[in-house]
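> The file below is model_3.pdb, PDB, C-alpha atoms (C1' of nucleotides):
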ATOM      1  CA  MET B 145     -13.329  -3.749  12.999
ATOM      2  CA  GLY B 146     -10.263  -4.255  10.808
ATOM      3  CA  ALA B 147      -8.288  -1.070  11.328
ATOM      4  CA  SER B 148      -5.038  -1.163  13.274
ATOM      5  CA  LYS B 149      -5.191   0.653  16.615
ATOM      6  CA  THR B 150      -2.157   2.774  15.893
ATOM      7  CA  HIS B 151      -3.007   5.276  18.621
ATOM      8  CA  ILE B 152      -2.201   2.843  21.417
ATOM      9  CA  PHE B 153       1.387   2.333  20.231
ATOM     10  CA  SER B 154       4.454   4.510  20.475
ATOM     11  CA  ALA B 155       5.627   6.643  17.567
ATOM     12  CA  THR B 156       8.751   4.513  17.258
ATOM     13  CA  HIS B 157       6.768   1.303  17.000
ATOM     14  CA  ASN B 158       4.340   2.807  14.504
ATOM     15  CA  GLU B 159       7.143   4.162  12.361
ATOM     16  CA  LEU B 160       9.090   0.923  12.227
ATOM     17  CA  ALA B 161       5.884  -0.941  11.361
ATOM     18  CA  HIS B 162       5.097   1.621   8.680
ATOM     19  CA  VAL B 163       8.475   1.177   7.044
ATOM     20  CA  ALA B 164       8.364  -2.596   7.425
ATOM     21  CA  LYS B 165       5.032  -2.563   5.610
ATOM     22  CA  VAL B 166       6.736  -1.129   2.552
ATOM     23  CA  LEU B 167       9.298  -3.936   2.683
ATOM     24  CA  ALA B 168       6.492  -6.442   3.226
ATOM     25  CA  HIS B 169       5.958  -7.090  -0.459
ATOM     26  CA  PRO B 170       8.469  -8.977  -2.625
ATOM     27  CA  ALA B 171       7.892  -6.612  -5.552
ATOM     28  CA  ARG B 172       8.987  -3.650  -3.456
ATOM     29  CA  VAL B 173      11.982  -5.537  -2.083
ATOM     30  CA  ALA B 174      12.939  -6.424  -5.648
ATOM     31  CA  ILE B 175      12.401  -2.857  -6.848
ATOM     32  CA  LEU B 176      14.475  -1.401  -4.019
ATOM     33  CA  GLU B 177      17.280  -3.875  -4.513
ATOM     34  CA  TYR B 178      17.332  -3.224  -8.237
ATOM     35  CA  ILE B 179      17.425   0.548  -7.887
ATOM     36  CA  SER B 180      19.976   0.485  -5.100
ATOM     37  CA  LYS B 181      22.378  -1.543  -7.210
ATOM     38  CA  GLN B 182      22.190   0.655 -10.306
ATOM     39  CA  ASP B 183      25.058   2.911 -11.218
ATOM     40  CA  ALA B 184      22.766   5.626 -12.536
ATOM     41  CA  CYS B 185      19.215   6.812 -12.183
ATOM     42  CA  ILE B 186      16.240   4.705 -13.146
ATOM     43  CA  CYS B 187      14.053   5.622 -16.024
ATOM     44  CA  ASN B 188      11.689   3.040 -17.383
ATOM     45  CA  ASP B 189      12.839  -0.552 -17.343
ATOM     46  CA  LEU B 190      11.248  -1.568 -14.053
ATOM     47  CA  VAL B 191       8.162  -3.043 -15.686
ATOM     48  CA  ASP B 192      10.339  -5.465 -17.653
ATOM     49  CA  VAL B 193      12.670  -6.190 -14.760
ATOM     50  CA  ILE B 194       9.979  -6.941 -12.183
ATOM     51  CA  GLY B 195       7.286  -8.488 -14.350
ATOM     52  CA  LEU B 196       4.153  -6.729 -13.126
ATOM     53  CA  ALA B 197       1.864  -4.425 -15.089
ATOM     54  CA  GLN B 198       2.841  -0.785 -15.419
ATOM     55  CA  PRO B 199       0.088   0.570 -13.126
ATOM     56  CA  THR B 200       1.063  -1.946 -10.457
ATOM     57  CA  ILE B 201       4.719  -0.940 -10.604
ATOM     58  CA  SER B 202       3.662   2.702 -10.440
ATOM     59  CA  GLN B 203       1.662   2.024  -7.279
ATOM     60  CA  HIS B 204       4.507   0.117  -5.622
ATOM     61  CA  LEU B 205       6.928   2.938  -6.499
ATOM     62  CA  ASN B 206       4.535   5.373  -4.905
ATOM     63  CA  GLU B 207       4.551   3.400  -1.653
ATOM     64  CA  ILE B 208       8.335   3.462  -1.660
ATOM     65  CA  LYS B 209       8.327   7.164  -2.435
ATOM     66  CA  LYS B 210       5.940   7.870   0.451
ATOM     67  CA  ILE B 211       8.473   6.738   3.048
ATOM     68  CA  GLY B 212      11.100   8.969   1.461
ATOM     69  CA  LEU B 213      13.317   6.284  -0.028
ATOM     70  CA  LEU B 214      13.464   7.826  -3.504
ATOM     71  CA  LYS B 215      14.894  11.081  -4.696
ATOM     72  CA  GLY B 216      15.196  12.684  -8.113
ATOM     73  CA  THR B 217      12.801  14.240 -10.570
ATOM     74  CA  PHE B 218       9.330  12.820 -10.972
ATOM     75  CA  GLU B 219       7.871  15.141 -13.584
ATOM     76  CA  GLY B 220       6.481  14.026 -16.890
ATOM     77  CA  LYS B 221       8.298  11.769 -19.278
ATOM     78  CA  ASN B 222      11.888  12.388 -18.270
ATOM     79  CA  LEU B 223      11.673  11.185 -14.736
ATOM     80  CA  CYS B 224      14.898  10.121 -13.177
ATOM     81  CA  TYR B 225      15.192   8.830  -9.678
ATOM     82  CA  CYS B 226      17.325   6.761  -7.377
ATOM     83  CA  ILE B 227      17.651   5.788  -3.727
ATOM     84  CA  ASN B 228      17.668   8.611  -1.190
ATOM     85  CA  GLN B 229      20.824   7.535   0.549
ATOM     86  CA  GLU B 230      20.283   9.569   3.709
ATOM     87  CA  ARG B 231      16.844   8.089   4.260
ATOM     88  CA  TRP B 232      18.159   4.627   3.386
ATOM     89  CA  GLU B 233      20.762   4.887   6.106
ATOM     90  CA  GLU B 234      18.182   6.236   8.527
ATOM     91  CA  LEU B 235      16.010   3.169   8.014
ATOM     92  CA  GLN B 236      19.050   0.933   8.153
ATOM     93  CA  HIS B 237      19.768   2.440  11.543
ATOM     94  CA  SER B 238      16.176   1.960  12.725
ATOM     95  CA  PHE B 239      16.246  -1.739  11.916
ATOM     96  CA  HIS B 240      19.716  -2.071  13.401
ATOM     97  CA  LEU B 241      18.505  -0.507  16.628
ATOM     98  CA  PHE B 242      15.462  -2.743  16.740
ATOM     99  CA  PHE B 243      17.497  -5.900  16.284
ATOM    100  CA  SER B 244      20.242  -4.797  18.690
ATOM    101  CA  ASN B 245      18.032  -4.738  21.754
ATOM    102  CA  ILE B 246      17.937  -8.329  22.853
ATOM    103  CA  ASN B 247      18.513  -9.848  26.220
ATOM    104  CA  ARG B 248      20.747 -12.873  26.288
ATOM    105  CA  ASN B 249      19.841 -14.701  29.497
ATOM    106  CA  CYS B 250      16.621 -16.538  28.721
ATOM    107  CA  CYS B 251      15.166 -20.033  28.301
TER     108      CYS B 251
ATOM    109  CA  MET A  64      -6.848 -10.417  -8.531
ATOM    110  CA  GLY A  65      -5.708  -9.291  -5.130
ATOM    111  CA  ALA A  66      -3.159 -11.972  -4.363
ATOM    112  CA  SER A  67       0.552 -11.230  -4.466
ATOM    113  CA  LYS A  68       2.352 -12.913  -7.360
ATOM    114  CA  THR A  69       4.991 -14.478  -5.142
ATOM    115  CA  HIS A  70       6.037 -16.967  -7.829
ATOM    116  CA  ILE A  71       7.639 -14.309  -9.989
ATOM    117  CA  PHE A  72      10.054 -13.221  -7.257
ATOM    118  CA  SER A  73      13.208 -14.814  -5.889
ATOM    119  CA  ALA A  74      13.180 -16.820  -2.668
ATOM    120  CA  THR A  75      15.324 -14.190  -0.993
ATOM    121  CA  HIS A  76      12.933 -11.398  -1.875
ATOM    122  CA  ASN A  77       9.899 -13.406  -0.804
ATOM    123  CA  GLU A  78      11.505 -14.348   2.495
ATOM    124  CA  LEU A  79      12.530 -10.817   3.395
ATOM    125  CA  ALA A  80       9.039  -9.585   2.511
ATOM    126  CA  HIS A  81       7.515 -12.378   4.584
ATOM    127  CA  VAL A  82       9.542 -11.413   7.634
ATOM    128  CA  ALA A  83       8.942  -7.703   7.078
ATOM    129  CA  LYS A  84       5.217  -8.422   7.035
ATOM    130  CA  VAL A  85       5.447  -9.675  10.606
ATOM    131  CA  LEU A  86       7.200  -6.449  11.598
ATOM    132  CA  ALA A  87       4.617  -4.457   9.653
ATOM    133  CA  HIS A  88       2.244  -4.080  12.579
ATOM    134  CA  PRO A  89       3.007  -1.895  15.602
ATOM    135  CA  ALA A  90       1.523  -4.456  17.992
ATOM    136  CA  ARG A  91       3.997  -7.072  16.808
ATOM    137  CA  VAL A  92       6.900  -4.634  16.973
ATOM    138  CA  ALA A  93       5.842  -3.762  20.520
ATOM    139  CA  ILE A  94       5.448  -7.423  21.477
ATOM    140  CA  LEU A  95       8.842  -8.334  20.066
ATOM    141  CA  GLU A  96      10.573  -5.438  21.751
ATOM    142  CA  TYR A  97       8.927  -6.245  25.059
ATOM    143  CA  ILE A  98       9.847  -9.922  24.955
ATOM    144  CA  SER A  99      13.372  -9.274  23.764
ATOM    145  CA  LYS A 100      14.055  -6.957  26.675
ATOM    146  CA  GLN A 101      12.786  -9.302  29.380
ATOM    147  CA  ASP A 102      15.197 -11.074  31.663
ATOM    148  CA  ALA A 103      13.073 -14.200  31.819
ATOM    149  CA  CYS A 104      10.419 -15.999  29.851
ATOM    150  CA  ILE A 105       7.031 -14.495  29.169
ATOM    151  CA  CYS A 106       3.916 -15.939  30.689
ATOM    152  CA  ASN A 107       0.765 -13.885  30.606
ATOM    153  CA  ASP A 108       1.147 -10.144  30.962
ATOM    154  CA  LEU A 109       1.196  -9.259  27.285
ATOM    155  CA  VAL A 110      -2.502  -8.439  27.135
ATOM    156  CA  ASP A 111      -2.034  -5.785  29.822
ATOM    157  CA  VAL A 112       1.231  -4.494  28.398
ATOM    158  CA  ILE A 113       0.041  -4.110  24.814
ATOM    159  CA  GLY A 114      -3.587  -3.190  25.333
ATOM    160  CA  LEU A 115      -5.366  -5.399  22.839
ATOM    161  CA  ALA A 116      -7.848  -8.170  23.553
ATOM    162  CA  GLN A 117      -6.516 -11.586  24.450
ATOM    163  CA  PRO A 118      -7.514 -13.297  21.184
ATOM    164  CA  THR A 119      -5.854 -10.513  19.208
ATOM    165  CA  ILE A 120      -2.602 -10.855  21.148
ATOM    166  CA  SER A 121      -2.763 -14.600  20.647
ATOM    167  CA  GLN A 122      -3.085 -14.155  16.906
ATOM    168  CA  HIS A 123      -0.194 -11.697  16.732
ATOM    169  CA  LEU A 124       1.960 -14.063  18.782
ATOM    170  CA  ASN A 125       1.123 -16.797  16.337
ATOM    171  CA  GLU A 126       2.345 -14.694  13.414
ATOM    172  CA  ILE A 127       5.602 -14.098  15.249
ATOM    173  CA  LYS A 128       5.888 -17.778  16.086
ATOM    174  CA  LYS A 129       5.372 -18.752  12.441
ATOM    175  CA  ILE A 130       8.593 -17.071  11.352
ATOM    176  CA  GLY A 131      10.486 -18.879  14.108
ATOM    177  CA  LEU A 132      11.183 -15.910  16.355
ATOM    178  CA  LEU A 133       9.904 -17.562  19.539
ATOM    179  CA  LYS A 134      11.134 -20.584  21.420
ATOM    180  CA  GLY A 135      10.004 -22.271  24.620
ATOM    181  CA  THR A 136       7.049 -24.342  25.652
ATOM    182  CA  PHE A 137       3.647 -23.560  24.245
ATOM    183  CA  GLU A 138       1.520 -26.214  25.888
ATOM    184  CA  GLY A 139      -1.473 -25.514  28.033
ATOM    185  CA  LYS A 140      -1.481 -23.183  30.956
ATOM    186  CA  ASN A 141       2.183 -23.035  31.881
ATOM    187  CA  LEU A 142       3.511 -21.745  28.629
ATOM    188  CA  CYS A 143       6.824 -20.041  28.777
ATOM    189  CA  TYR A 144       8.540 -18.540  25.801
ATOM    190  CA  CYS A 145      11.129 -16.014  24.749
ATOM    191  CA  ILE A 146      12.990 -14.830  21.658
ATOM    192  CA  ASN A 147      14.751 -17.473  19.609
ATOM    193  CA  GLN A 148      18.111 -15.768  19.561
ATOM    194  CA  GLU A 149      19.523 -17.714  16.616
ATOM    195  CA  ARG A 150      16.593 -16.830  14.404
ATOM    196  CA  TRP A 151      16.670 -13.251  15.655
ATOM    197  CA  GLU A 152      20.270 -12.900  14.544
ATOM    198  CA  GLU A 153      19.479 -14.571  11.253
ATOM    199  CA  LEU A 154      16.821 -11.959  10.507
ATOM    200  CA  GLN A 155      19.095  -9.210  11.763
ATOM    201  CA  HIS A 156      21.629 -10.411   9.216
ATOM    202  CA  SER A 157      19.032 -10.516   6.412
ATOM    203  CA  PHE A 158      18.039  -6.911   6.993
ATOM    204  CA  HIS A 159      21.663  -5.898   7.359
ATOM    205  CA  LEU A 160      22.477  -7.505   4.022
ATOM    206  CA  PHE A 161      19.522  -5.851   2.341
ATOM    207  CA  PHE A 162      20.484  -2.411   3.576
ATOM    208  CA  SER A 163      24.182  -2.894   2.850
ATOM    209  CA  ASN A 164      23.787  -3.209  -0.895
ATOM    210  CA  ILE A 165      23.587   0.337  -2.087
ATOM    211  CA  ASN A 166      25.454   2.075  -4.806
ATOM    212  CA  ARG A 167      26.847   5.464  -3.937
ATOM    213  CA  ASN A 168      27.311   7.243  -7.253
ATOM    214  CA  CYS A 169      23.852   8.437  -8.203
ATOM    215  CA  CYS A 170      21.769  11.593  -8.687
TER     216      CYS A 170
ATOM    217  C1'  DA I  72     -14.548 -35.054  39.026
ATOM    218  C1'  DA I  73     -15.445 -30.164  39.307
ATOM    219  C1'  DT I  74     -13.433 -25.740  39.332
ATOM    220  C1'  DT I  75     -10.285 -22.361  37.992
ATOM    221  C1'  DA I  76      -7.059 -19.745  35.169
ATOM    222  C1'  DA I  77      -4.847 -19.389  31.366
ATOM    223  C1'  DT I  78      -4.209 -19.545  25.983
ATOM    224  C1'  DA I  79      -6.242 -21.033  21.366
ATOM    225  C1'  DT I  80      -9.769 -21.229  17.885
ATOM    226  C1'  DT I  81     -13.942 -19.851  15.454
ATOM    227  C1'  DG I  82     -16.810 -16.682  13.182
ATOM    228  C1'  DC I  83     -17.712 -12.428  11.521
ATOM    229  C1'  DA I  84     -17.598  -7.432  10.291
ATOM    230  C1'  DA I  85     -14.672  -3.637   8.961
ATOM    231  C1'  DT I  86     -10.853  -2.237   6.568
ATOM    232  C1'  DA I  87      -6.645  -2.634   3.664
ATOM    233  C1'  DT I  88      -3.908  -4.518  -0.033
ATOM    234  C1'  DT I  89      -2.960  -6.289  -4.598
ATOM    235  C1'  DA I  90      -3.437  -6.331  -9.399
ATOM    236  C1'  DC I  91      -4.736  -4.786 -13.807
ATOM    237  C1'  DG I  92      -7.645  -2.810 -17.732
ATOM    238  C1'  DA I  93      -9.064   1.520 -19.143
ATOM    239  C1'  DT I  94      -8.070   6.039 -19.334
ATOM    240  C1'  DA I  95      -5.834  10.450 -18.316
ATOM    241  C1'  DA I  96      -1.905  13.413 -18.231
ATOM    242  C1'  DA I  97       2.637  15.099 -19.449
ATOM    243  C1'  DG I  98       6.134  16.115 -22.443
ATOM    244  C1'  DA I  99       9.018  15.158 -26.509
ATOM    245  C1'  DT I 100       9.050  14.967 -31.428
ATOM    246  C1'  DA I 101       7.421  15.183 -36.117
TER     247       DA I 101
ATOM    248  C1'  DT S  87      -0.918  21.002 -33.673
ATOM    249  C1'  DA S  88      -1.003  15.990 -33.997
ATOM    250  C1'  DT S  89       1.291  11.998 -32.605
ATOM    251  C1'  DC S  90       3.992   9.122 -29.849
ATOM    252  C1'  DT S  91       5.909   7.486 -25.519
ATOM    253  C1'  DT S  92       5.860   7.158 -20.922
ATOM    254  C1'  DT S  93       3.974   7.525 -16.176
ATOM    255  C1'  DA S  94      -0.185   8.438 -13.152
ATOM    256  C1'  DT S  95      -4.861   7.808 -11.774
ATOM    257  C1'  DC S  96      -9.446   5.621 -11.674
ATOM    258  C1'  DG S  97     -12.443   1.873 -11.110
ATOM    259  C1'  DT S  98     -13.134  -2.589  -9.744
ATOM    260  C1'  DA S  99     -12.611  -7.474  -8.338
ATOM    261  C1'  DA S 100     -10.119 -10.692  -5.543
ATOM    262  C1'  DT S 101      -7.778 -11.493  -1.491
ATOM    263  C1'  DA S 102      -5.701 -10.456   3.083
ATOM    264  C1'  DT S 103      -5.539  -8.305   7.571
ATOM    265  C1'  DT S 104      -7.281  -6.608  11.933
ATOM    266  C1'  DG S 105      -9.953  -6.950  15.985
ATOM    267  C1'  DC S 106     -12.989  -8.903  19.204
ATOM    268  C1'  DA S 107     -17.030 -11.617  21.232
ATOM    269  C1'  DA S 108     -18.077 -16.185  21.940
ATOM    270  C1'  DT S 109     -16.449 -20.457  22.684
ATOM    271  C1'  DA S 110     -13.152 -24.254  23.076
ATOM    272  C1'  DT S 111      -9.127 -26.226  24.936
ATOM    273  C1'  DT S 112      -5.584 -27.195  28.279
ATOM    274  C1'  DA S 113      -3.709 -28.290  32.605
ATOM    275  C1'  DA S 114      -3.199 -27.195  37.358
ATOM    276  C1'  DT S 115      -5.738 -27.068  41.703
ATOM    277  C1'  DT S 116      -9.339 -28.158  44.877
TER     278       DT S 116
END
Turn this file's structure into structure tokens for me.


Amino acid sequence: MGASKTHIFSATHNELAHVAKVLAHPARVAILEYISKQDACICNDLVDVIGLAQPTISQHLNEIKKIGLLKGTFEGKNLCYCINQERWEELQHSFHLFFSNINRNCC
Amino acid sequence: MGASKTHIFSATHNELAHVAKVLAHPARVAILEYISKQDACICNDLVDVIGLAQPTISQHLNEIKKIGLLKGTFEGKNLCYCINQERWEELQHSFHLFFSNINRNCC
DNA sequence: AATTAATATTGCAATATTACGATAAAGATA
DNA sequence: TATCTTTATCGTAATATTGCAATATTAATT
């Protein structure tokens, strides 16, 4: 087999897993941290900052974009993007919720 | 190629990615949520609760165990385990830190 | 010691991810 | 229009993950 059986899990569980998957690569963690700490939009220094080839960075950025964490313009040469703060806080909340639900009386 | 270039990233980034990878599968999210909400230790109902074959559950549990999220006894028939609360809070803090660092003045 | 009931490991097939060279596409500038 | 600069896509090889059947292991019970 090899494909995850997503249909047997709840939407909430699938969504958290889907987002976690994007954070499950150090390059994407590094990219997100770098962008989120910038004062202005990002243009083209990620390849130098991260240290992976340009196509690889482009693919990682696309994964991040797919879960809605980036906003800005993505057309042609003058692209300019940054963190989508609303989505960021949404995901922050999802992880907070997940980690909040723990029972204290156990072994 | 195909292998992540972990050596070019910081320990912090690698660690967060490593933990996120464990959360990057709905079965493991479901398992963690189920265990964390139990009043007592877990014995053997996970296969029924989750709906995957016993070897698959065992493998997922092992992934969770590897990042230190489970504590208890894991020997033979009478195994009995639950969430390692200290580690849980440690990871909670890591994700909180990651999501806290965002700059507000952007596009 | 044999049986039973539970989890762990092995082996394998299917699928997904990672990375990058080559190339394409888009837009600014000469 | 030709050129330059930058990002996106394609193609491909290497590696990792997912899932389960078969089997092994473990320890309690008979």

> On this file, the PyMOL selection byres ((chain B and resi 167) around 10) gives some set of residues; write that set as a ChimeraX atom specification.

/B:161-166,168-174,176,207-208 /A:76,79-84,86-87

> Which of these residues is nearest to chain B, using only C-alpha atoms: A:Lys134, A:Arg150, A:Lys128, A:His123?

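Of the candidates, the smallest distance to chain B is held by A:Lys134.
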
> Just the residues within 10 Å of DT104 of chain S, please, counting only C-alpha atoms (C1' of nucleotides), with nothing from its chain fewer than 2 positions along; format it as a ChimeraX atom specification.

/B:145-149 /A:88,119,122-123 /I:85-87 /S:102,106

> Between A:Ile165, A:Ile105, A:Val110, A:Ile120, which is the closest to chain B once you count all atoms listed in the file?

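Under the stated criterion, the closest residue is A:Ile165.
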
> For a test of reading the model, state the distance in Å between atom CA of Asn164 of chain A and atom CA of Asn228 of chain B, rounded to one decimal.

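Going from atom CA of Asn164 of chain A over to atom CA of Asn228 of chain B covers 13.3 Å.
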
> I'd like the interatomic distance between atom C1' of DA96 of chain I and atom CA of Tyr225 of chain B, to a tenth of an Å.

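Rounded to one decimal, the two atoms are 19.7 Å apart.
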
> Suppose a student applies the PyMOL selection byres ((chain I) within 7 of (chain B)) to this structure; what residues should they get, written as an MDAnalysis selection string?

chainID I and resid 84:86 90:91 97:98

> Run the PyMOL selection byres ((chain I and resi 81) around 8) against the file shown and list the residues it catches, as a PyMOL selection string.

(chain I and resi 80+82) or (chain S and resi 109)

> Between atom CA of Ser202 of chain B and atom CA of Thr69 of chain A, what is the distance in Å, rounded to a tenth?

18.0 Å
